[in-house]
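Shown next: model_7.csv, containing CSV, C-alpha atoms.
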chain,number,residue,atom,x,y,z
A,1,MET,CA,9.8,51.3,-14.4
A,2,LYS,CA,6.0,50.9,-13.8
A,3,ARG,CA,6.0,47.9,-16.2
A,4,ARG,CA,8.9,46.3,-14.4
A,5,VAL,CA,7.1,46.7,-11.1
A,6,LYS,CA,3.9,45.2,-12.6
A,7,ALA,CA,5.8,42.2,-14.1
A,8,ASP,CA,7.6,41.6,-10.7
A,9,SER,CA,4.3,41.8,-8.9
A,10,ILE,CA,2.7,39.2,-11.2
A,11,ILE,CA,5.7,36.8,-10.7
A,12,VAL,CA,5.6,37.2,-6.9
A,13,LEU,CA,1.8,36.8,-6.8
A,14,PHE,CA,2.2,33.7,-9.0
A,15,LEU,CA,4.7,32.2,-6.5
A,16,ILE,CA,2.4,33.0,-3.6
A,17,VAL,CA,-0.5,31.2,-5.3
A,18,ILE,CA,1.7,28.1,-6.0
A,19,LEU,CA,2.9,28.0,-2.4
A,20,ILE,CA,-0.7,28.3,-1.1
A,21,GLY,CA,-1.8,25.6,-3.6
A,22,PHE,CA,1.0,23.3,-2.5
A,23,PHE,CA,0.2,23.8,1.2
A,24,ALA,CA,-3.5,23.1,0.5
A,25,TYR,CA,-2.6,19.9,-1.4
A,26,GLN,CA,-0.5,18.7,1.5
A,27,LEU,CA,-3.4,19.3,3.9
A,28,ILE,CA,-5.9,17.4,1.7
A,29,LYS,CA,-3.4,14.6,1.2
A,30,THR,CA,-2.9,14.0,5.0
A,31,SER,CA,-6.6,14.4,5.9
A,32,PRO,CA,-8.8,11.3,6.3
A,33,LYS,CA,-11.9,10.9,4.1
A,34,ASN,CA,-15.3,11.4,5.8
A,35,ILE,CA,-18.1,9.0,5.4
A,36,THR,CA,-21.2,10.9,4.4
A,37,SER,CA,-23.5,8.3,2.7
A,38,ILE,CA,-23.7,5.4,5.2
A,39,SER,CA,-23.3,4.9,8.9
A,40,LEU,CA,-21.3,1.9,9.9
A,41,GLN,CA,-22.9,-0.1,12.7
A,42,GLU,CA,-21.8,-3.0,14.9
A,43,LYS,CA,-23.4,-6.3,14.0
A,44,ASP,CA,-24.1,-9.4,16.1
A,45,LEU,CA,-21.3,-11.5,14.4
A,46,ASP,CA,-18.6,-8.8,14.4
A,47,ILE,CA,-15.5,-9.8,16.4
A,48,VAL,CA,-15.3,-7.3,19.2
A,49,TYR,CA,-12.5,-6.4,21.5
A,50,GLY,CA,-13.6,-4.2,24.3
A,51,SER,CA,-16.8,-3.3,26.3
A,52,ASP,CA,-19.8,-1.2,25.2
A,53,ASP,CA,-19.2,1.7,27.7
A,54,VAL,CA,-16.2,3.1,25.7
A,55,LEU,CA,-15.6,6.6,24.4
A,56,LEU,CA,-14.6,5.6,20.9
A,57,THR,CA,-15.3,2.7,18.5
A,58,VAL,CA,-12.7,1.7,15.9
A,59,PHE,CA,-14.0,-0.4,13.1
A,60,MET,CA,-11.6,-2.4,11.0
A,61,PHE,CA,-12.1,-4.2,7.8
A,62,THR,CA,-9.7,-7.1,7.5
A,63,SER,CA,-8.9,-10.3,5.7
A,64,TYR,CA,-6.6,-13.2,6.6
A,65,GLU,CA,-4.8,-13.1,3.2
A,66,CYS,CA,-3.6,-9.6,3.9
A,67,LYS,CA,-0.1,-9.4,5.3
A,68,PHE,CA,-0.6,-5.8,6.5
A,69,CYS,CA,-3.6,-6.9,8.5
A,70,ASN,CA,-1.6,-9.6,10.2
A,71,ASN,CA,1.2,-7.1,11.0
A,72,PHE,CA,-1.5,-5.1,12.8
A,73,PHE,CA,-2.7,-8.1,14.8
A,74,SER,CA,0.8,-9.2,15.8
A,75,GLU,CA,2.4,-5.8,16.5
A,76,ALA,CA,-0.2,-3.1,17.1
A,77,LEU,CA,-3.2,-5.0,18.7
A,78,PRO,CA,-1.4,-6.1,21.9
A,79,LEU,CA,-0.4,-2.5,22.6
A,80,LEU,CA,-3.8,-1.2,21.6
A,81,LYS,CA,-5.4,-3.7,24.0
A,82,LYS,CA,-3.2,-2.6,26.9
A,83,GLU,CA,-3.5,1.1,26.5
A,84,TYR,CA,-7.0,1.7,25.1
A,85,ILE,CA,-9.2,-1.4,25.2
A,86,GLU,CA,-8.5,-2.7,28.7
A,87,THR,CA,-8.7,0.9,30.0
A,88,ARG,CA,-12.2,1.1,28.4
A,89,LYS,CA,-11.4,4.0,26.2
A,90,VAL,CA,-11.7,2.2,22.9
A,91,LYS,CA,-13.6,-0.7,21.4
A,92,LEU,CA,-12.2,-2.5,18.3
A,93,VAL,CA,-14.9,-4.0,16.0
A,94,ILE,CA,-13.4,-6.3,13.5
A,95,LYS,CA,-15.3,-6.9,10.3
A,96,LEU,CA,-14.0,-9.9,8.3
A,97,VAL,CA,-14.3,-9.3,4.6
A,98,ASP,CA,-13.8,-11.6,1.6
A,99,ILE,CA,-12.6,-9.5,-1.3
A,100,THR,CA,-11.5,-12.5,-3.3
A,101,ASN,CA,-14.8,-14.2,-4.0
A,102,ASN,CA,-13.2,-17.6,-3.3
A,103,SER,CA,-15.4,-20.3,-1.8
A,104,ASN,CA,-12.6,-21.7,0.5
A,105,ILE,CA,-11.9,-18.3,1.9
A,106,LEU,CA,-15.6,-17.6,2.4
A,107,ASN,CA,-16.1,-20.9,4.2
A,108,SER,CA,-13.1,-20.2,6.5
A,109,LEU,CA,-14.5,-16.8,7.4
A,110,LYS,CA,-17.9,-18.3,8.1
A,111,LEU,CA,-16.4,-20.8,10.4
A,112,ALA,CA,-14.3,-18.2,12.1
A,113,VAL,CA,-17.3,-16.0,12.9
A,114,CYS,CA,-19.3,-19.0,14.1
A,115,ILE,CA,-16.6,-20.1,16.4
A,116,ASN,CA,-16.2,-16.5,17.7
A,117,GLU,CA,-20.0,-16.5,18.5
A,118,CYS,CA,-20.2,-19.9,20.3
A,119,GLY,CA,-16.7,-21.1,21.1
A,120,ASN,CA,-13.1,-20.0,21.5
A,121,PHE,CA,-12.0,-17.7,18.7
A,122,GLU,CA,-8.3,-17.5,19.5
A,123,PRO,CA,-7.0,-20.8,18.0
A,124,ILE,CA,-8.8,-20.4,14.6
A,125,ASP,CA,-7.8,-16.8,14.4
A,126,LYS,CA,-4.2,-17.8,15.0
A,127,LEU,CA,-4.3,-20.5,12.4
A,128,LEU,CA,-5.8,-18.3,9.7
A,129,ARG,CA,-3.5,-15.5,10.4
A,130,ASN,CA,-0.3,-17.6,10.4
A,131,GLU,CA,-1.3,-20.1,7.7
A,132,PRO,CA,-3.9,-18.5,5.5
A,133,SER,CA,-3.4,-21.1,2.7
A,134,VAL,CA,-4.6,-23.8,5.1
A,135,VAL,CA,-8.1,-23.1,3.9
A,136,TYR,CA,-7.4,-25.0,0.7
A,137,THR,CA,-6.2,-28.1,2.4
A,138,GLU,CA,-8.3,-31.3,2.8
A,139,GLU,CA,-7.6,-31.2,6.5
A,140,PHE,CA,-9.2,-27.8,7.0
A,141,ILE,CA,-12.2,-28.8,4.9
A,142,GLN,CA,-12.6,-31.9,7.0
A,143,LEU,CA,-12.3,-29.9,10.2
A,144,THR,CA,-15.2,-27.6,9.1
A,145,GLU,CA,-17.4,-30.6,8.3
A,146,ASP,CA,-16.6,-32.2,11.6
A,147,PHE,CA,-17.5,-29.1,13.5
A,148,ILE,CA,-20.8,-28.8,11.7
A,149,ALA,CA,-21.5,-32.5,12.5
A,150,GLU,CA,-20.5,-32.2,16.1
A,151,ASN,CA,-21.8,-28.8,17.2
A,152,ASN,CA,-25.4,-27.7,16.8
A,153,HIS,CA,-24.7,-24.0,17.1
A,154,ILE,CA,-22.0,-24.1,14.4
A,155,ALA,CA,-24.3,-26.2,12.2
A,156,GLU,CA,-27.1,-23.6,12.6
A,157,TYR,CA,-24.9,-20.6,11.8
A,158,MET,CA,-23.1,-22.4,8.9
A,159,LEU,CA,-26.0,-24.1,7.2
A,160,SER,CA,-28.8,-21.6,7.8
A,161,GLY,CA,-27.0,-18.8,5.8
A,162,ILE,CA,-26.6,-16.6,8.9
A,163,ALA,CA,-22.8,-16.6,8.7
A,164,GLU,CA,-22.7,-16.2,4.9
A,165,SER,CA,-25.2,-13.3,5.0
A,166,TYR,CA,-23.0,-11.6,7.5
A,167,ILE,CA,-19.8,-12.0,5.5
A,168,ILE,CA,-21.7,-10.8,2.4
A,169,SER,CA,-23.1,-7.8,4.2
A,170,ASN,CA,-19.6,-6.8,5.3
A,171,TYR,CA,-18.5,-6.9,1.7
A,172,LYS,CA,-21.5,-4.7,0.8
A,173,ASP,CA,-20.5,-2.2,3.4
A,174,PHE,CA,-16.9,-2.3,2.2
A,175,LYS,CA,-18.0,-1.6,-1.3
A,176,ALA,CA,-20.6,1.1,-0.2
A,177,LEU,CA,-17.7,2.9,1.4
A,178,SER,CA,-15.7,2.7,-1.9
A,179,LEU,CA,-13.0,0.7,-0.2
A,180,THR,CA,-10.6,-1.4,-2.2
A,181,GLY,CA,-8.2,-3.0,0.2
A,182,THR,CA,-7.6,-4.1,3.7
A,183,PRO,CA,-6.9,-3.1,6.4
A,184,THR,CA,-9.1,-0.1,6.5
A,185,PHE,CA,-10.0,1.6,9.8
A,186,ILE,CA,-13.1,3.7,10.3
A,187,ILE,CA,-12.9,6.0,13.3
A,188,ASN,CA,-15.6,8.6,14.1
A,189,ASN,CA,-17.0,8.2,10.5
A,190,ARG,CA,-13.6,8.9,9.1
A,191,ILE,CA,-11.8,6.4,6.8
A,192,TYR,CA,-8.1,5.6,7.4
A,193,LYS,CA,-6.9,3.3,4.6
A,194,GLY,CA,-3.9,1.0,4.8
A,195,TYR,CA,-1.7,-0.5,7.5
A,196,LYS,CA,-1.0,1.7,10.5
A,197,ASN,CA,1.8,0.9,12.9
A,198,TYR,CA,0.9,1.4,16.6
A,199,ASP,CA,2.4,4.9,16.9
A,200,THR,CA,0.5,6.1,13.8
A,201,LEU,CA,-2.7,4.5,14.9
A,202,LYS,CA,-2.3,5.9,18.4
A,203,LYS,CA,-2.0,9.5,17.0
A,204,LYS,CA,-5.3,9.0,15.1
A,205,ILE,CA,-7.1,7.5,18.1
A,206,GLU,CA,-5.9,10.4,20.4
A,207,LYS,CA,-7.1,12.9,17.8
A,208,GLU,CA,-10.5,11.2,17.6
A,209,LEU,CA,-10.7,10.8,21.3
A,210,HIS,CA,-10.2,14.6,21.7
A,211,SER,CA,-12.9,15.3,19.3
A,212,VAL,CA,-15.5,13.2,21.2
A,213,LEU,CA,-14.6,14.6,24.6
B,1,MET,CA,-4.3,38.8,14.1
B,2,GLY,CA,-0.5,38.9,14.2
B,3,ILE,CA,-0.3,38.6,10.4
B,4,TYR,CA,-2.7,41.5,10.1
B,5,PHE,CA,-0.4,43.8,12.1
B,6,ILE,CA,2.7,42.7,10.2
B,7,ILE,CA,1.0,43.5,6.9
B,8,LEU,CA,-0.1,46.9,8.3
B,9,TYR,CA,3.4,47.6,9.4
B,10,ILE,CA,4.9,46.7,6.0
B,11,ASN,CA,2.2,48.9,4.2
B,12,SER,CA,3.1,51.9,6.3
B,13,LYS,CA,6.9,51.6,6.0
B,14,LEU,CA,7.7,50.4,2.5
B,15,ASN,CA,7.1,51.2,-1.2
B,16,ASN,CA,5.1,48.9,-3.4
B,17,MET,CA,7.8,46.6,-4.8
B,18,LYS,CA,9.3,46.1,-1.4
B,19,LYS,CA,5.9,45.4,0.1
B,20,ILE,CA,5.3,42.7,-2.5
B,21,THR,CA,8.8,41.2,-1.9
B,22,TYR,CA,8.4,41.1,1.9
B,23,ILE,CA,4.9,39.7,1.7
B,24,ALA,CA,6.2,37.0,-0.7
B,25,LEU,CA,9.1,36.2,1.7
B,26,PHE,CA,6.6,36.1,4.6
B,27,ALA,CA,4.4,33.7,2.7
B,28,VAL,CA,7.4,31.4,2.0
B,29,LEU,CA,8.3,31.5,5.7
B,30,ILE,CA,4.7,30.7,6.9
B,31,THR,CA,4.4,27.9,4.3
B,32,SER,CA,7.8,26.4,5.3
B,33,LEU,CA,6.9,26.5,9.0
B,34,SER,CA,3.5,25.0,8.3
B,35,LEU,CA,4.9,22.2,6.2
B,36,SER,CA,7.6,21.4,8.8
B,37,CYS,CA,4.8,21.0,11.4
B,38,LEU,CA,3.0,18.3,9.3
B,39,GLU,CA,3.4,14.7,10.6
B,40,PRO,CA,6.8,13.3,9.6
B,41,GLU,CA,6.8,10.3,7.3
B,42,PRO,CA,6.9,7.1,9.3
B,43,GLU,CA,10.2,5.1,9.3
B,44,GLU,CA,10.4,2.2,6.9
B,45,SER,CA,11.0,-1.4,8.3
B,46,CYS,CA,11.8,-4.5,6.4
B,47,ASP,CA,11.5,-8.3,7.0
B,48,GLY,CA,13.2,-11.1,5.1
B,49,ASN,CA,11.2,-14.2,4.2
B,50,ASP,CA,12.9,-17.3,2.9
B,51,LEU,CA,10.5,-18.7,0.3
B,52,ALA,CA,12.7,-21.7,-0.2
B,53,ASP,CA,11.0,-23.2,2.9
B,54,ASP,CA,7.8,-23.1,1.0
B,55,PHE,CA,8.9,-24.3,-2.5
B,56,CYS,CA,12.1,-26.3,-2.3
B,57,GLU,CA,12.9,-27.5,1.1
B,58,GLN,CA,14.8,-30.5,-0.3
B,59,LEU,CA,17.6,-28.1,-1.4
B,60,ASP,CA,19.9,-26.1,0.7
B,61,ILE,CA,19.3,-22.7,-1.0
B,62,ASP,CA,18.0,-19.3,0.0
B,63,LEU,CA,15.3,-17.6,-1.8
B,64,ILE,CA,15.0,-14.5,0.2
B,65,ALA,CA,12.3,-11.9,-0.6
B,66,THR,CA,12.4,-8.9,1.7
B,67,PHE,CA,9.2,-7.2,2.5
B,68,CYS,CA,9.4,-3.5,3.4
B,69,SER,CA,6.7,-1.1,4.7
B,70,ASP,CA,6.8,2.5,5.8
B,71,GLY,CA,4.0,1.8,8.3
B,72,GLU,CA,1.4,3.6,6.1
B,73,ALA,CA,0.4,2.3,2.7
B,74,ASN,CA,3.7,2.3,0.8
B,75,SER,CA,5.2,-1.1,0.8
B,76,TYR,CA,7.0,-3.4,-1.5
B,77,TYR,CA,9.0,-6.7,-1.9
B,78,ILE,CA,12.6,-6.8,-2.9
B,79,TYR,CA,14.0,-9.9,-4.5
B,80,ASN,CA,17.4,-10.1,-6.2
B,81,GLY,CA,17.7,-6.3,-6.2
B,82,GLU,CA,14.3,-5.8,-8.0
B,83,THR,CA,11.4,-4.0,-6.4
B,84,TYR,CA,7.9,-5.4,-6.6
B,85,GLU,CA,5.1,-3.2,-5.5
B,86,CYS,CA,2.8,-4.5,-2.8
B,87,ASP,CA,0.4,-1.8,-1.7
B,88,GLY,CA,-1.3,-2.0,1.7
B,89,VAL,CA,-4.3,-0.1,0.2
B,90,GLU,CA,-4.8,-2.2,-2.9
B,91,SER,CA,-4.1,-5.7,-1.7
B,92,SER,CA,-4.3,-7.4,-5.1
B,93,THR,CA,-0.9,-5.8,-5.9
B,94,CYS,CA,0.7,-8.1,-3.3
B,95,ASP,CA,-0.6,-11.2,-5.0
B,96,THR,CA,0.8,-9.9,-8.3
B,97,ALA,CA,4.1,-9.2,-6.6
B,98,LEU,CA,4.4,-12.7,-5.1
B,99,ASP,CA,3.4,-14.3,-8.4
B,100,ASP,CA,6.1,-12.2,-10.2
B,101,ILE,CA,8.7,-13.1,-7.5
B,102,THR,CA,8.0,-16.8,-7.7
B,103,ALA,CA,8.2,-16.7,-11.5
B,104,GLN,CA,11.6,-15.0,-11.2
B,105,MET,CA,12.6,-17.7,-8.7
B,106,ARG,CA,11.7,-20.4,-11.2
B,107,VAL,CA,14.2,-18.8,-13.5
B,108,ASP,CA,16.9,-18.3,-10.8
B,109,GLU,CA,16.6,-21.8,-9.2
B,110,PRO,CA,15.3,-24.1,-11.9
B,111,GLU,CA,16.6,-27.1,-10.0
B,112,CYS,CA,14.3,-26.4,-7.1
B,113,PHE,CA,11.2,-25.9,-9.3
B,114,ALA,CA,12.2,-28.8,-11.5
B,115,LYS,CA,12.2,-31.1,-8.5
B,116,SER,CA,8.9,-29.7,-7.3
B,117,GLY,CA,7.2,-30.0,-10.7
B,118,LYS,CA,4.2,-28.0,-11.8
B,119,GLU,CA,1.7,-29.9,-9.8
B,120,SER,CA,3.8,-30.1,-6.6
B,121,PHE,CA,4.6,-26.4,-7.0
B,122,LYS,CA,0.8,-25.7,-6.9
B,123,ALA,CA,0.5,-28.1,-4.0
B,124,ALA,CA,3.3,-26.5,-2.2
B,125,LYS,CA,1.2,-23.4,-2.0
B,126,THR,CA,-1.5,-25.3,-0.2
B,127,ARG,CA,0.4,-28.0,1.6
B,128,LEU,CA,-0.1,-28.4,5.3
B,129,SER,CA,3.1,-27.2,7.0
B,130,ASN,CA,4.2,-28.5,10.4
B,131,THR,CA,3.1,-25.2,12.0
B,132,ALA,CA,-0.3,-25.3,10.3
B,133,GLU,CA,-0.7,-28.9,11.4
B,134,LYS,CA,-0.1,-27.9,15.1
B,135,LEU,CA,-2.4,-24.9,14.8
B,136,LEU,CA,-5.1,-26.9,13.2
B,137,MET,CA,-4.9,-29.5,16.0
B,138,ASP,CA,-5.2,-26.6,18.5
B,139,VAL,CA,-8.4,-25.4,16.6
B,140,ARG,CA,-9.8,-28.9,16.7
B,141,LEU,CA,-9.2,-29.3,20.4
B,142,ASN,CA,-9.9,-25.9,21.8
B,143,SER,CA,-12.3,-24.1,19.6
B,144,LEU,CA,-15.5,-25.4,21.1
B,145,ASN,CA,-14.7,-24.3,24.6
B,146,LYS,CA,-15.9,-20.8,25.2
B,147,GLY,CA,-12.7,-18.8,25.6
B,148,SER,CA,-12.0,-15.5,27.2
B,149,LEU,CA,-10.4,-13.8,24.2
B,150,ASN,CA,-13.2,-11.3,23.7
B,151,PHE,CA,-14.3,-9.3,26.7
Show this structure as structure tokens.
Amino acid sequence: MKRRVKADSIIVLFLIVILIGFFAYQLIKTSPKNITSISLQEKDLDIVYGSDDVLLTVFMFTSYECKFCNNFFSEALPLLKKEYIETRKVKLVIKLVDITNNSNILNSLKLAVCINECGNFEPIDKLLRNEPSVVYTEEFIQLTEDFIAENNHIAEYMLSGIAESYIISNYKDFKALSLTGTPTFIINNRIYKGYKNYDTLKKKIEKELHSVL
Amino acid sequence: MGIYFIILYINSKLNNMKKITYIALFAVLITSLSLSCLEPEPEESCDGNDLADDFCEQLDIDLIATFCSDGEANSYYIYNGETYECDGVESSTCDTALDDITAQMRVDEPECFAKSGKESFKAAKTRLSNTAEKLLMDVRLNSLNKGSLNF
């Protein structure tokens, strides 16, 4: 009888351990990863939506070849702007990153950040998001050359290496954080990998806003 | 605190085996309740893309590849009933998926790709579409005026 009780106890304890282990695994799986080694900072050439006097800064690593990133810009960003950016709760800092090591893509990103700095970013952002393969066309290459020839600011940023250093530094930050794909969001030093629809992102932002209040 | 009183109550009322059984059931109940409180999986959504527009616009055929995403990182293309992984976290998988799909399309619609030819197939990937042409013109005309996009 005592043996039976002992055997039953072991089975029950074993089941409890499995259940607790499963629960712990689910918790770990759903928790974002914390950054401990580097602190991500806003840089001069970052593309920023929002003012400086906000409660929370959301960093986003993105590339124009990434379909998921484009889904974010077309679906989630308009709602994010309305609810959090225009109400001065959140600032979105976009870091363009080239993970392909392709010269055409690098040049298009350099041009995009230069135009954002000294011109109107919206048209080139729309072009690269809707037609990312345009960067390989003669027409786009010609456009870049024309802008460099016509505009001193763009020429300075493009030819002095400022824009290229910035894009490379984004890639270094990306690698330093052990990231492998875009989009990746960094909120309150926590990494959220992959595409988030607006509702999912909103939950993360609300959670992080509560933690800073 | 509540759990402590429940365990005390069980200890005082029941024999050893029953104690263990009730504690196990209690653990199952708590775990189930906790798991049910975790965030639900986001709903999946899908979009159809007709790649025939890109590769064989001379022919009236459909080459529909459907892209599905659950709103997190789990996404994939479906073409002709086959699933091709395209992960939002590891973006290179999407390039592989699209290459695999176009390779399969070459087999399914040889006429389209025969007309296009190897060189024009490559060029089709980089050709300037009408949309791109309009957007490019917009960039040329409006990029150097300081806009109000960023505030």
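Using only C-alpha atoms, the shortest contact distance between chain A and any of B:Pro110, B:Thr66, B:Thr102, B:Cys94 is found at B:Cys94.
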**Message:** Given the point (-0.6, -1.7, 13.8) in the file's coordinates, find the residues that have an atom at most 12 Å from it, counting only C-alpha atoms, and give them as an NGL selection string.
**Reply:** (:A and (60 or 67-81 or 183-185 or 194-204)) or (:B and (69-73))
For the interface of chain A with chain B (cut-off 6 Å, counting only C-alpha atoms), please tabulate each contacting residue of chain A alongside its nearest pair of atoms and their separation in Å to one decimal, rows sorted by chain and increasing number, as CSV.
residue,atom,partner,partner_atom,distance
A:Tyr49,CA,B:Asn150,CA,5.4
A:Gly50,CA,B:Phe151,CA,5.7
A:Gly119,CA,B:Lys146,CA,4.2
A:Asn120,CA,B:Gly147,CA,4.3
A:Pro123,CA,B:Val139,CA,5.0
A:Ile124,CA,B:Val139,CA,5.4
A:Leu127,CA,B:Leu135,CA,5.4
A:Glu131,CA,B:Ala132,CA,5.9
A:Ser133,CA,B:Thr126,CA,5.4
A:Tyr136,CA,B:Thr126,CA,6.0
A:Thr180,CA,B:Glu90,CA,5.9
A:Gly181,CA,B:Glu90,CA,4.7
A:Gly194,CA,B:Val89,CA,4.7
A:Tyr195,CA,B:Glu72,CA,5.3
A:Lys196,CA,B:Glu72,CA,5.4
A:Asn197,CA,B:Gly71,CA,5.2
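Atom pair CA of Asp46 (chain A) / CA of Ser211 (chain A): separated by 25.2 Å.
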**Request:** In Å, rounded to a single decimal, give me how far CA of Ile99 (chain A) is from CA of Leu179 (chain A).
**Result:** 10.3 Å
Box for region 127-141 of chain B: with edges along x, y and z, all listed atoms inside and 8 Å added on each side, what are the centre and edge lengths in Å to one decimal, as AutoDock Vina command-line options?
--center_x -2.8 --center_y -27.2 --center_z 11.0 --size_x 30.0 --size_y 20.6 --size_z 34.8
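Straight-line separation from CA of Ser165 (chain A) to CA of Val97 (chain A): 11.6 Å.
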**Request:** Compare A:Ile167, A:Thr144, A:Tyr84, A:Asn152 by their minimum atom-to-atom distance to Leu109 (chain A), counting all atoms listed in the file, and give me the closest one.
**Result:** A:Ile167
